[in-house]
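Reproduced below: protein_36.pdb, with PDB, C-alpha atoms.
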```
ATOM      1  CA  MET L 863    -188.551  29.686  96.887  1.00  0.00           C
ATOM      2  CA  LYS L 864    -185.446  27.510  96.561  1.00  0.00           C
ATOM      3  CA  VAL L 865    -184.752  28.826  93.088  1.00  0.00           C
ATOM      4  CA  ARG L 866    -184.983  32.444  94.194  1.00  0.00           C
ATOM      5  CA  THR L 867    -182.786  31.797  97.253  1.00  0.00           C
ATOM      6  CA  GLN L 868    -180.161  30.027  95.145  1.00  0.00           C
ATOM      7  CA  SER L 869    -180.289  32.830  92.604  1.00  0.00           C
ATOM      8  CA  ARG L 870    -179.688  35.422  95.322  1.00  0.00           C
ATOM      9  CA  LYS L 871    -176.736  33.410  96.591  1.00  0.00           C
ATOM     10  CA  VAL L 872    -175.258  33.165  93.085  1.00  0.00           C
ATOM     11  CA  ASN L 873    -175.735  36.890  92.477  1.00  0.00           C
ATOM     12  CA  LYS L 874    -174.212  37.761  95.842  1.00  0.00           C
ATOM     13  CA  ALA L 875    -171.212  35.492  95.140  1.00  0.00           C
ATOM     14  CA  TRP L 876    -170.706  37.048  91.703  1.00  0.00           C
ATOM     15  CA  LEU L 877    -170.963  40.569  93.124  1.00  0.00           C
ATOM     16  CA  ASN L 878    -168.472  39.705  95.869  1.00  0.00           C
ATOM     17  CA  ASP L 879    -166.017  38.277  93.299  1.00  0.00           C
ATOM     18  CA  HIS L 880    -166.498  41.319  91.066  1.00  0.00           C
ATOM     19  CA  VAL L 881    -165.970  43.884  93.827  1.00  0.00           C
ATOM     20  CA  ASN L 882    -162.830  42.107  95.054  1.00  0.00           C
ATOM     21  CA  ASP L 883    -161.427  41.460  91.580  1.00  0.00           C
ATOM     22  CA  PRO L 884    -157.992  43.159  91.350  1.00  0.00           C
ATOM     23  CA  TYR L 885    -158.511  43.939  87.664  1.00  0.00           C
ATOM     24  CA  VAL L 886    -161.832  45.646  88.426  1.00  0.00           C
ATOM     25  CA  ARG L 887    -160.129  47.827  91.027  1.00  0.00           C
ATOM     26  CA  LEU L 888    -157.227  48.514  88.674  1.00  0.00           C
ATOM     27  CA  ALA L 889    -159.612  49.510  85.884  1.00  0.00           C
ATOM     28  CA  GLN L 890    -161.355  51.942  88.224  1.00  0.00           C
ATOM     29  CA  ARG L 891    -158.042  53.512  89.243  1.00  0.00           C
ATOM     30  CA  GLU L 892    -156.737  53.803  85.685  1.00  0.00           C
ATOM     31  CA  GLY L 893    -159.978  55.013  84.135  1.00  0.00           C
ATOM     32  CA  TYR L 894    -160.868  52.001  81.998  1.00  0.00           C
ATOM     33  CA  ARG L 895    -164.531  51.208  81.474  1.00  0.00           C
ATOM     34  CA  ALA L 896    -164.039  47.470  82.044  1.00  0.00           C
ATOM     35  CA  ARG L 897    -161.434  45.004  83.269  1.00  0.00           C
ATOM     36  CA  ALA L 898    -161.313  43.614  79.710  1.00  0.00           C
ATOM     37  CA  ALA L 899    -158.739  46.299  78.856  1.00  0.00           C
ATOM     38  CA  TYR L 900    -156.116  44.213  80.660  1.00  0.00           C
ATOM     39  CA  LYS L 901    -156.799  41.182  78.485  1.00  0.00           C
ATOM     40  CA  LEU L 902    -155.832  43.136  75.391  1.00  0.00           C
ATOM     41  CA  LYS L 903    -152.953  44.761  77.263  1.00  0.00           C
ATOM     42  CA  GLU L 904    -151.483  41.340  78.151  1.00  0.00           C
ATOM     43  CA  ILE L 905    -151.880  40.094  74.582  1.00  0.00           C
ATOM     44  CA  ASP L 906    -150.223  43.227  73.236  1.00  0.00           C
ATOM     45  CA  GLU L 907    -147.347  43.047  75.714  1.00  0.00           C
ATOM     46  CA  ALA L 908    -146.723  39.415  74.763  1.00  0.00           C
ATOM     47  CA  LEU L 909    -146.839  39.928  70.984  1.00  0.00           C
ATOM     48  CA  HIS L 910    -146.204  43.685  70.473  1.00  0.00           C
ATOM     49  CA  LEU L 911    -149.178  44.149  68.164  1.00  0.00           C
ATOM     50  CA  VAL L 912    -150.117  47.803  68.792  1.00  0.00           C
ATOM     51  CA  ARG L 913    -147.806  50.536  67.488  1.00  0.00           C
ATOM     52  CA  PRO L 914    -148.176  54.256  66.718  1.00  0.00           C
ATOM     53  CA  GLY L 915    -149.313  55.038  63.192  1.00  0.00           C
ATOM     54  CA  GLN L 916    -151.546  51.988  62.851  1.00  0.00           C
ATOM     55  CA  LEU L 917    -155.112  51.662  61.647  1.00  0.00           C
ATOM     56  CA  VAL L 918    -157.054  49.387  64.020  1.00  0.00           C
ATOM     57  CA  VAL L 919    -160.579  47.970  63.864  1.00  0.00           C
ATOM     58  CA  ASP L 920    -162.256  47.054  67.164  1.00  0.00           C
ATOM     59  CA  LEU L 921    -165.165  44.611  66.684  1.00  0.00           C
ATOM     60  CA  GLY L 922    -167.550  44.094  69.588  1.00  0.00           C
ATOM     61  CA  SER L 923    -166.190  47.249  71.170  1.00  0.00           C
ATOM     62  CA  ALA L 924    -168.785  48.202  73.820  1.00  0.00           C
ATOM     63  CA  PRO L 925    -168.389  49.423  76.508  1.00  0.00           C
ATOM     64  CA  GLY L 926    -165.122  50.702  75.036  1.00  0.00           C
ATOM     65  CA  ALA L 927    -162.293  49.408  77.223  1.00  0.00           C
ATOM     66  CA  TRP L 928    -160.352  47.933  74.297  1.00  0.00           C
ATOM     67  CA  SER L 929    -160.796  51.143  72.305  1.00  0.00           C
ATOM     68  CA  GLN L 930    -159.516  53.079  75.317  1.00  0.00           C
ATOM     69  CA  TYR L 931    -156.407  50.893  75.533  1.00  0.00           C
ATOM     70  CA  LEU L 932    -155.788  51.187  71.801  1.00  0.00           C
ATOM     71  CA  ARG L 933    -156.166  54.976  71.877  1.00  0.00           C
ATOM     72  CA  ARG L 934    -153.752  55.301  74.800  1.00  0.00           C
ATOM     73  CA  LYS L 935    -151.194  53.001  73.188  1.00  0.00           C
ATOM     74  CA  LEU L 936    -151.419  54.687  69.788  1.00  0.00           C
ATOM     75  CA  GLY L 937    -151.192  58.127  71.377  1.00  0.00           C
ATOM     76  CA  ALA L 938    -153.544  61.076  71.477  1.00  0.00           C
ATOM     77  CA  PRO L 939    -154.882  61.909  68.007  1.00  0.00           C
ATOM     78  CA  GLY L 940    -152.866  64.659  66.356  1.00  0.00           C
ATOM     79  CA  ALA L 941    -150.049  64.583  68.923  1.00  0.00           C
ATOM     80  CA  THR L 942    -147.295  63.666  66.465  1.00  0.00           C
ATOM     81  CA  ASP L 943    -146.914  62.826  62.802  1.00  0.00           C
ATOM     82  CA  SER L 944    -147.211  59.091  63.537  1.00  0.00           C
ATOM     83  CA  THR L 945    -150.330  59.399  65.684  1.00  0.00           C
ATOM     84  CA  GLN L 946    -151.934  61.612  63.058  1.00  0.00           C
ATOM     85  CA  ARG L 947    -151.815  58.540  60.825  1.00  0.00           C
ATOM     86  CA  SER L 948    -153.274  56.361  63.588  1.00  0.00           C
ATOM     87  CA  ALA L 949    -156.980  55.582  63.344  1.00  0.00           C
ATOM     88  CA  ILE L 950    -159.383  53.437  65.328  1.00  0.00           C
ATOM     89  CA  PHE L 951    -162.746  52.265  64.008  1.00  0.00           C
ATOM     90  CA  ALA L 952    -165.039  50.557  66.525  1.00  0.00           C
ATOM     91  CA  LEU L 953    -168.274  48.648  65.975  1.00  0.00           C
ATOM     92  CA  ASP L 954    -170.818  47.053  68.279  1.00  0.00           C
ATOM     93  CA  LEU L 955    -174.460  46.026  68.332  1.00  0.00           C
ATOM     94  CA  LEU L 956    -174.820  47.958  71.613  1.00  0.00           C
ATOM     95  CA  PRO L 957    -174.342  51.710  72.054  1.00  0.00           C
ATOM     96  CA  MET L 958    -170.950  52.934  73.269  1.00  0.00           C
ATOM     97  CA  GLU L 959    -170.065  56.184  74.985  1.00  0.00           C
ATOM     98  CA  PRO L 960    -167.659  58.179  72.800  1.00  0.00           C
ATOM     99  CA  VAL L 961    -163.926  57.578  73.130  1.00  0.00           C
ATOM    100  CA  ASP L 962    -161.798  60.502  71.973  1.00  0.00           C
ATOM    101  CA  GLY L 963    -160.217  59.715  68.621  1.00  0.00           C
ATOM    102  CA  VAL L 964    -162.331  56.601  67.983  1.00  0.00           C
ATOM    103  CA  ALA L 965    -164.893  56.466  65.164  1.00  0.00           C
ATOM    104  CA  PHE L 966    -167.801  54.337  66.410  1.00  0.00           C
ATOM    105  CA  LEU L 967    -170.458  52.597  64.314  1.00  0.00           C
ATOM    106  CA  GLN L 968    -173.438  50.914  65.980  1.00  0.00           C
ATOM    107  CA  GLY L 969    -174.910  47.890  64.260  1.00  0.00           C
ATOM    108  CA  ASP L 970    -174.911  44.112  63.890  1.00  0.00           C
ATOM    109  CA  PHE L 971    -171.651  42.969  62.271  1.00  0.00           C
ATOM    110  CA  ARG L 972    -173.502  39.965  60.842  1.00  0.00           C
ATOM    111  CA  GLU L 973    -175.660  42.238  58.656  1.00  0.00           C
ATOM    112  CA  PRO L 974    -174.218  42.996  55.196  1.00  0.00           C
ATOM    113  CA  ALA L 975    -175.351  46.637  55.333  1.00  0.00           C
ATOM    114  CA  VAL L 976    -173.468  47.214  58.589  1.00  0.00           C
ATOM    115  CA  LEU L 977    -170.354  45.547  57.210  1.00  0.00           C
ATOM    116  CA  ARG L 978    -170.546  47.769  54.127  1.00  0.00           C
ATOM    117  CA  SER L 979    -170.814  50.853  56.335  1.00  0.00           C
ATOM    118  CA  LEU L 980    -167.646  49.838  58.160  1.00  0.00           C
ATOM    119  CA  GLU L 981    -165.871  49.187  54.876  1.00  0.00           C
ATOM    120  CA  ASP L 982    -166.994  52.588  53.592  1.00  0.00           C
ATOM    121  CA  ALA L 983    -165.549  54.209  56.733  1.00  0.00           C
ATOM    122  CA  LEU L 984    -162.172  52.573  56.024  1.00  0.00           C
ATOM    123  CA  ALA L 985    -162.252  54.221  52.585  1.00  0.00           C
ATOM    124  CA  GLY L 986    -159.970  51.619  51.023  1.00  0.00           C
ATOM    125  CA  ARG L 987    -157.327  51.802  53.750  1.00  0.00           C
ATOM    126  CA  ARG L 988    -155.852  48.545  55.058  1.00  0.00           C
ATOM    127  CA  ALA L 989    -155.951  47.715  58.759  1.00  0.00           C
ATOM    128  CA  ASP L 990    -152.792  46.832  60.665  1.00  0.00           C
ATOM    129  CA  LEU L 991    -154.766  45.155  63.415  1.00  0.00           C
ATOM    130  CA  VAL L 992    -158.292  43.807  63.888  1.00  0.00           C
ATOM    131  CA  VAL L 993    -159.373  42.963  67.430  1.00  0.00           C
ATOM    132  CA  SER L 994    -162.604  41.098  68.106  1.00  0.00           C
ATOM    133  CA  ASP L 995    -164.173  40.700  71.527  1.00  0.00           C
ATOM    134  CA  MET L 996    -167.437  39.644  69.881  1.00  0.00           C
ATOM    135  CA  ALA L 997    -169.357  36.808  71.495  1.00  0.00           C
ATOM    136  CA  PRO L 998    -172.889  35.554  70.791  1.00  0.00           C
ATOM    137  CA  ASN L 999    -175.524  34.939  73.436  1.00  0.00           C
ATOM    138  CA  LEU L1000    -174.961  31.364  74.610  1.00  0.00           C
ATOM    139  CA  SER L1001    -177.757  28.908  75.304  1.00  0.00           C
ATOM    140  CA  GLY L1002    -175.871  26.242  77.246  1.00  0.00           C
ATOM    141  CA  ILE L1003    -176.444  23.710  74.446  1.00  0.00           C
ATOM    142  CA  ALA L1004    -172.922  22.792  73.341  1.00  0.00           C
ATOM    143  CA  ALA L1005    -173.546  22.132  69.649  1.00  0.00           C
ATOM    144  CA  ALA L1006    -175.707  25.223  69.137  1.00  0.00           C
ATOM    145  CA  ASP L1007    -173.308  27.452  71.065  1.00  0.00           C
ATOM    146  CA  ALA L1008    -170.296  26.138  69.133  1.00  0.00           C
ATOM    147  CA  ALA L1009    -172.043  27.022  65.877  1.00  0.00           C
ATOM    148  CA  ARG L1010    -172.865  30.541  67.118  1.00  0.00           C
ATOM    149  CA  VAL L1011    -169.275  31.154  68.232  1.00  0.00           C
ATOM    150  CA  ALA L1012    -167.928  29.769  64.960  1.00  0.00           C
ATOM    151  CA  ASP L1013    -170.221  32.096  63.010  1.00  0.00           C
ATOM    152  CA  VAL L1014    -168.895  35.313  64.581  1.00  0.00           C
ATOM    153  CA  VAL L1015    -165.274  34.107  64.500  1.00  0.00           C
ATOM    154  CA  GLU L1016    -165.584  33.188  60.810  1.00  0.00           C
ATOM    155  CA  LEU L1017    -166.945  36.657  60.078  1.00  0.00           C
ATOM    156  CA  ALA L1018    -164.035  38.261  61.944  1.00  0.00           C
ATOM    157  CA  VAL L1019    -161.527  36.092  60.061  1.00  0.00           C
ATOM    158  CA  ALA L1020    -163.136  36.876  56.696  1.00  0.00           C
ATOM    159  CA  PHE L1021    -163.112  40.595  57.460  1.00  0.00           C
ATOM    160  CA  ALA L1022    -159.483  40.468  58.594  1.00  0.00           C
ATOM    161  CA  LEU L1023    -158.327  38.597  55.494  1.00  0.00           C
ATOM    162  CA  ALA L1024    -160.114  41.082  53.264  1.00  0.00           C
ATOM    163  CA  HIS L1025    -158.821  44.214  54.997  1.00  0.00           C
ATOM    164  CA  LEU L1026    -155.512  43.511  56.772  1.00  0.00           C
ATOM    165  CA  THR L1027    -152.093  44.567  55.544  1.00  0.00           C
ATOM    166  CA  PRO L1028    -149.763  41.668  54.578  1.00  0.00           C
ATOM    167  CA  GLN L1029    -148.205  41.718  58.054  1.00  0.00           C
ATOM    168  CA  GLY L1030    -151.436  42.548  59.875  1.00  0.00           C
ATOM    169  CA  ALA L1031    -152.924  40.616  62.780  1.00  0.00           C
ATOM    170  CA  LEU L1032    -156.291  39.466  64.107  1.00  0.00           C
ATOM    171  CA  VAL L1033    -157.062  38.956  67.804  1.00  0.00           C
ATOM    172  CA  ALA L1034    -160.326  37.051  68.293  1.00  0.00           C
ATOM    173  CA  LYS L1035    -162.111  35.775  71.389  1.00  0.00           C
ATOM    174  CA  VAL L1036    -163.031  32.088  71.285  1.00  0.00           C
ATOM    175  CA  PHE L1037    -164.060  29.506  73.882  1.00  0.00           C
ATOM    176  CA  HIS L1038    -162.512  26.198  74.885  1.00  0.00           C
ATOM    177  CA  GLY L1039    -164.875  23.296  74.376  1.00  0.00           C
ATOM    178  CA  SER L1040    -166.936  22.071  71.463  1.00  0.00           C
ATOM    179  CA  GLY L1041    -165.660  23.496  68.188  1.00  0.00           C
ATOM    180  CA  TYR L1042    -162.441  24.994  69.583  1.00  0.00           C
ATOM    181  CA  SER L1043    -160.034  22.777  67.631  1.00  0.00           C
ATOM    182  CA  GLN L1044    -161.882  23.562  64.397  1.00  0.00           C
ATOM    183  CA  LEU L1045    -161.413  27.276  65.021  1.00  0.00           C
ATOM    184  CA  VAL L1046    -157.695  26.729  65.594  1.00  0.00           C
ATOM    185  CA  GLU L1047    -157.549  24.944  62.246  1.00  0.00           C
ATOM    186  CA  LEU L1048    -159.417  27.809  60.603  1.00  0.00           C
ATOM    187  CA  PHE L1049    -156.774  30.215  61.912  1.00  0.00           C
ATOM    188  CA  LYS L1050    -153.955  27.959  60.736  1.00  0.00           C
ATOM    189  CA  ARG L1051    -155.448  27.864  57.244  1.00  0.00           C
ATOM    190  CA  SER L1052    -155.924  31.618  57.238  1.00  0.00           C
ATOM    191  CA  PHE L1053    -152.731  33.017  58.826  1.00  0.00           C
ATOM    192  CA  LYS L1054    -149.010  32.371  58.540  1.00  0.00           C
ATOM    193  CA  ALA L1055    -148.532  32.388  62.322  1.00  0.00           C
ATOM    194  CA  VAL L1056    -151.120  31.461  64.970  1.00  0.00           C
ATOM    195  CA  ARG L1057    -150.865  31.856  68.729  1.00  0.00           C
ATOM    196  CA  PRO L1058    -153.463  30.865  71.348  1.00  0.00           C
ATOM    197  CA  LEU L1059    -153.289  32.947  74.520  1.00  0.00           C
ATOM    198  CA  LYS L1060    -155.368  33.102  77.693  1.00  0.00           C
ATOM    199  CA  PRO L1061    -154.507  36.312  79.568  1.00  0.00           C
ATOM    200  CA  LYS L1062    -154.268  36.277  83.340  1.00  0.00           C
ATOM    201  CA  ALA L1063    -156.982  38.940  83.297  1.00  0.00           C
ATOM    202  CA  SER L1064    -159.436  36.303  81.999  1.00  0.00           C
ATOM    203  CA  ARG L1065    -161.228  34.798  84.955  1.00  0.00           C
ATOM    204  CA  ASN L1066    -160.130  31.272  85.829  1.00  0.00           C
ATOM    205  CA  LYS L1067    -163.733  30.055  85.705  1.00  0.00           C
ATOM    206  CA  SER L1068    -164.193  31.363  82.172  1.00  0.00           C
ATOM    207  CA  SER L1069    -163.605  29.143  79.139  1.00  0.00           C
ATOM    208  CA  GLU L1070    -162.713  32.165  77.022  1.00  0.00           C
ATOM    209  CA  THR L1071    -159.336  32.371  75.370  1.00  0.00           C
ATOM    210  CA  PHE L1072    -157.956  34.281  72.403  1.00  0.00           C
ATOM    211  CA  LEU L1073    -156.557  33.234  69.058  1.00  0.00           C
ATOM    212  CA  ILE L1074    -154.070  35.552  67.377  1.00  0.00           C
ATOM    213  CA  GLY L1075    -153.387  35.201  63.668  1.00  0.00           C
ATOM    214  CA  ILE L1076    -150.531  37.142  62.056  1.00  0.00           C
ATOM    215  CA  GLY L1077    -149.909  37.492  58.320  1.00  0.00           C
ATOM    216  CA  PRO L1078    -153.099  36.733  56.373  1.00  0.00           C
ATOM    217  CA  LYS L1079    -152.805  34.001  53.742  1.00  0.00           C
ATOM    218  CA  GLY L1080    -155.872  34.725  51.632  1.00  0.00           C
ATOM    219  CA  ALA L1081    -159.553  33.898  51.435  1.00  0.00           C
ATOM    220  CA  PRO L1082    -160.620  31.728  54.400  1.00  0.00           C
ATOM    221  CA  ALA L1083    -162.331  28.367  54.236  1.00  0.00           C
ATOM    222  CA  SER L1084    -165.410  27.887  56.374  1.00  0.00           C
ATOM    223  CA  VAL L1085    -165.159  25.985  59.615  1.00  0.00           C
ATOM    224  CA  ASP L1086    -167.050  22.704  60.039  1.00  0.00           C
ATOM    225  CA  ILE L1087    -168.271  22.232  63.596  1.00  0.00           C
ATOM    226  CA  GLY L1088    -168.907  18.539  63.993  1.00  0.00           C
ATOM    227  CA  GLY L1089    -168.667  16.862  67.376  1.00  0.00           C
ATOM    228  CA  SER L1090    -167.248  17.870  70.741  1.00  0.00           C
ATOM    229  CA  ASP L1091    -163.542  18.413  71.392  1.00  0.00           C
TER     230      ASP L1091
END
```

Could you render the structure from this file as structure tokens?
Amino acid sequence: MKVRTQSRKVNKAWLNDHVNDPYVRLAQREGYRARAAYKLKEIDEALHLVRPGQLVVDLGSAPGAWSQYLRRKLGAPGATDSTQRSAIFALDLLPMEPVDGVAFLQGDFREPAVLRSLEDALAGRRADLVVSDMAPNLSGIAAADAARVADVVELAVAFALAHLTPQGALVAKVFHGSGYSQLVELFKRSFKAVRPLKPKASRNKSSETFLIGIGPKGAPASVDIGGSD
């Protein structure tokens, strides 16, 4: 009985925090599917990454809030010459309701066949920006979780280095804790400029932060997750 009572208290506290979250209310008013849109918005406003005419790849896109922000910032498809050149390709393991002007592919990014399908959709075009909100299911075991996070971040880095323009950028979600410093080093080896950024829209209790790499250097080295940071 204690476990169930505690669980109800935790769920009630989370629901109360969620309902009173200013970013949740703002997302509802502005028509975003999730408060996560404001994380990307803050990153973009700090670094000016999203511009009309770009080709953008959104990894881990469901429920679609980042794709919505990207579409709004790039402009409605077909509105002008520059936005006609704009393109957004989104991918997620989970289904995603359509976003106007966004080409969505459902599948596991870790599977070679899914990666090939995304590459086929790009049809040889280079991306100006890759954004990754991908995160694995975490177990609470630090070493195992660090390895899972490193795996998806490495895949995002490898994809970005293979498909970005020379001045292109990668935004990837990571987590402070075990393995974080190794991921920073991976970014430093892979990009000419690296910036860590934790948006205000990220909850204070969350260990999530974002690494931004600009200007790919070349093929990435793998990351070695050893001990705790």

**OP:** Please write the residues picked by the PyMOL selection byres ((chain L and resi 965) around 9) on this file as a PyMOL selection string.
**Re:** chain L and resi 949-953+960-964+966-967+983

**OP:** Name the residues that the PyMOL selection byres ((chain L and resi 899) around 8) picks from the file above, as a PyMOL selection string, using the file's chain letters and numbers.
**Re:** chain L and resi 889+894+896-898+900-903+927-928+930-931

Closest-contact table, segment 954-1054 of chain L side, partner segment 1065-1071 of chain L, 12 Å, counting only C-alpha atoms, as a tab-separated table:
```
residue	atom	partner	partner_atom	distance
L:Ser994	CA	L:Thr1071	CA	11.8
L:Asp995	CA	L:Glu1070	CA	10.3
L:Met996	CA	L:Glu1070	CA	11.4
L:Ala997	CA	L:Glu1070	CA	9.8
L:Val1011	CA	L:Glu1070	CA	11.0
L:Val1033	CA	L:Thr1071	CA	10.3
L:Ala1034	CA	L:Thr1071	CA	8.5
L:Lys1035	CA	L:Thr1071	CA	5.9
L:Val1036	CA	L:Thr1071	CA	5.5
L:Phe1037	CA	L:Glu1070	CA	4.3
L:His1038	CA	L:Ser1069	CA	5.3
L:Gly1039	CA	L:Ser1069	CA	7.6
L:Ser1040	CA	L:Ser1069	CA	11.0
L:Tyr1042	CA	L:Thr1071	CA	9.9
L:Leu1045	CA	L:Thr1071	CA	11.7
L:Val1046	CA	L:Thr1071	CA	11.4
```

Based on the selection just made, write C-alpha atoms of those residues as a CSV table (one decimal), in the coordinates of the input.
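Listed below is the output, part.csv:
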```csv
chain,number,residue,atom,x,y,z
L,994,SER,CA,-162.6,41.1,68.1
L,995,ASP,CA,-164.2,40.7,71.5
L,996,MET,CA,-167.4,39.6,69.9
L,997,ALA,CA,-169.4,36.8,71.5
L,1011,VAL,CA,-169.3,31.2,68.2
L,1033,VAL,CA,-157.1,39.0,67.8
L,1034,ALA,CA,-160.3,37.1,68.3
L,1035,LYS,CA,-162.1,35.8,71.4
L,1036,VAL,CA,-163.0,32.1,71.3
L,1037,PHE,CA,-164.1,29.5,73.9
L,1038,HIS,CA,-162.5,26.2,74.9
L,1039,GLY,CA,-164.9,23.3,74.4
L,1040,SER,CA,-166.9,22.1,71.5
L,1042,TYR,CA,-162.4,25.0,69.6
L,1045,LEU,CA,-161.4,27.3,65.0
L,1046,VAL,CA,-157.7,26.7,65.6
```

**OP:** Record the distance separating atom CA of Pro1058 of chain L and atom CA of Ile1074 of chain L, expressed in Å with one decimal.
**Re:**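 Atom CA of Ile1074 of chain L lies at a distance of 6.2 Å from atom CA of Pro1058 of chain L.
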
Exercise on segment 951-963 of chain L, axis-aligned box with 6 Å per side, report centre and edge lengths in Å to one decimal, as JSON:
```
{"center_x": -167.5, "center_y": 53.3, "center_z": 69.5, "size_x": 26.6, "size_y": 26.5, "size_z": 23.0}
```

**OP:** Return the single residue from L:Asp920, L:Ser1043, L:Asp990, L:Lys1060 that is closest to Pro1028 of chain L, with distances computed using all atoms listed in the file.
**Re:**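 Under the stated criterion, the closest residue is L:Asp990.
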
Selection under test: the PyMOL selection byres ((chain L and resi 955) around 7); residues as a PDB file with C-alpha atoms, in the frame of the given file:
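Final file, result38.pdb:
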```pdb
ATOM      1  CA  ASP L 954    -170.818  47.053  68.279  1.00  0.00           C
ATOM      2  CA  LEU L 956    -174.820  47.958  71.613  1.00  0.00           C
ATOM      3  CA  PRO L 957    -174.342  51.710  72.054  1.00  0.00           C
ATOM      4  CA  GLN L 968    -173.438  50.914  65.980  1.00  0.00           C
ATOM      5  CA  GLY L 969    -174.910  47.890  64.260  1.00  0.00           C
ATOM      6  CA  ASP L 970    -174.911  44.112  63.890  1.00  0.00           C
TER       7      ASP L 970
END
```

Subject >> Expected residue set, 12 Å radius at (-144.6, 48.6, 63.9), all atoms listed in the file, as a PyMOL selection string >> reply: chain L and resi 909-917+936+944+948+990-991+1027+1029-1031

Original post:
Please, what distance in Å, to one decimal, runs between atom CA of Ala975 of chain L and atom CA of Leu1017 of chain L?
Top reply: 13.9 Å

**OP:** Using all atoms listed in the file, find the one residue out of L:Gly1041, L:Pro1061, L:Pro884, L:Gly922 that sits nearest to Asp1007 of chain L.
**Re:**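 Going through L:Gly1041, L:Pro1061, L:Pro884, L:Gly922 one by one, the smallest distance to Asp1007 of chain L is for L:Gly1041.
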
Original post:
For Gly1077 of chain L, which residue among L:Arg972, L:Arg978, L:Arg1010, L:Lys1050 is the nearest when counting all atoms listed in the file?
Top reply: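 Among the listed residues, the smallest separation from Gly1077 of chain L belongs to L:Lys1050.
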
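Ranking L:Ser923, L:Val1014, L:Arg1051, L:Ala985 by their shortest atom-to-atom distance to Asn999 of chain L, with only C-alpha atoms included, puts L:Val1014 first.
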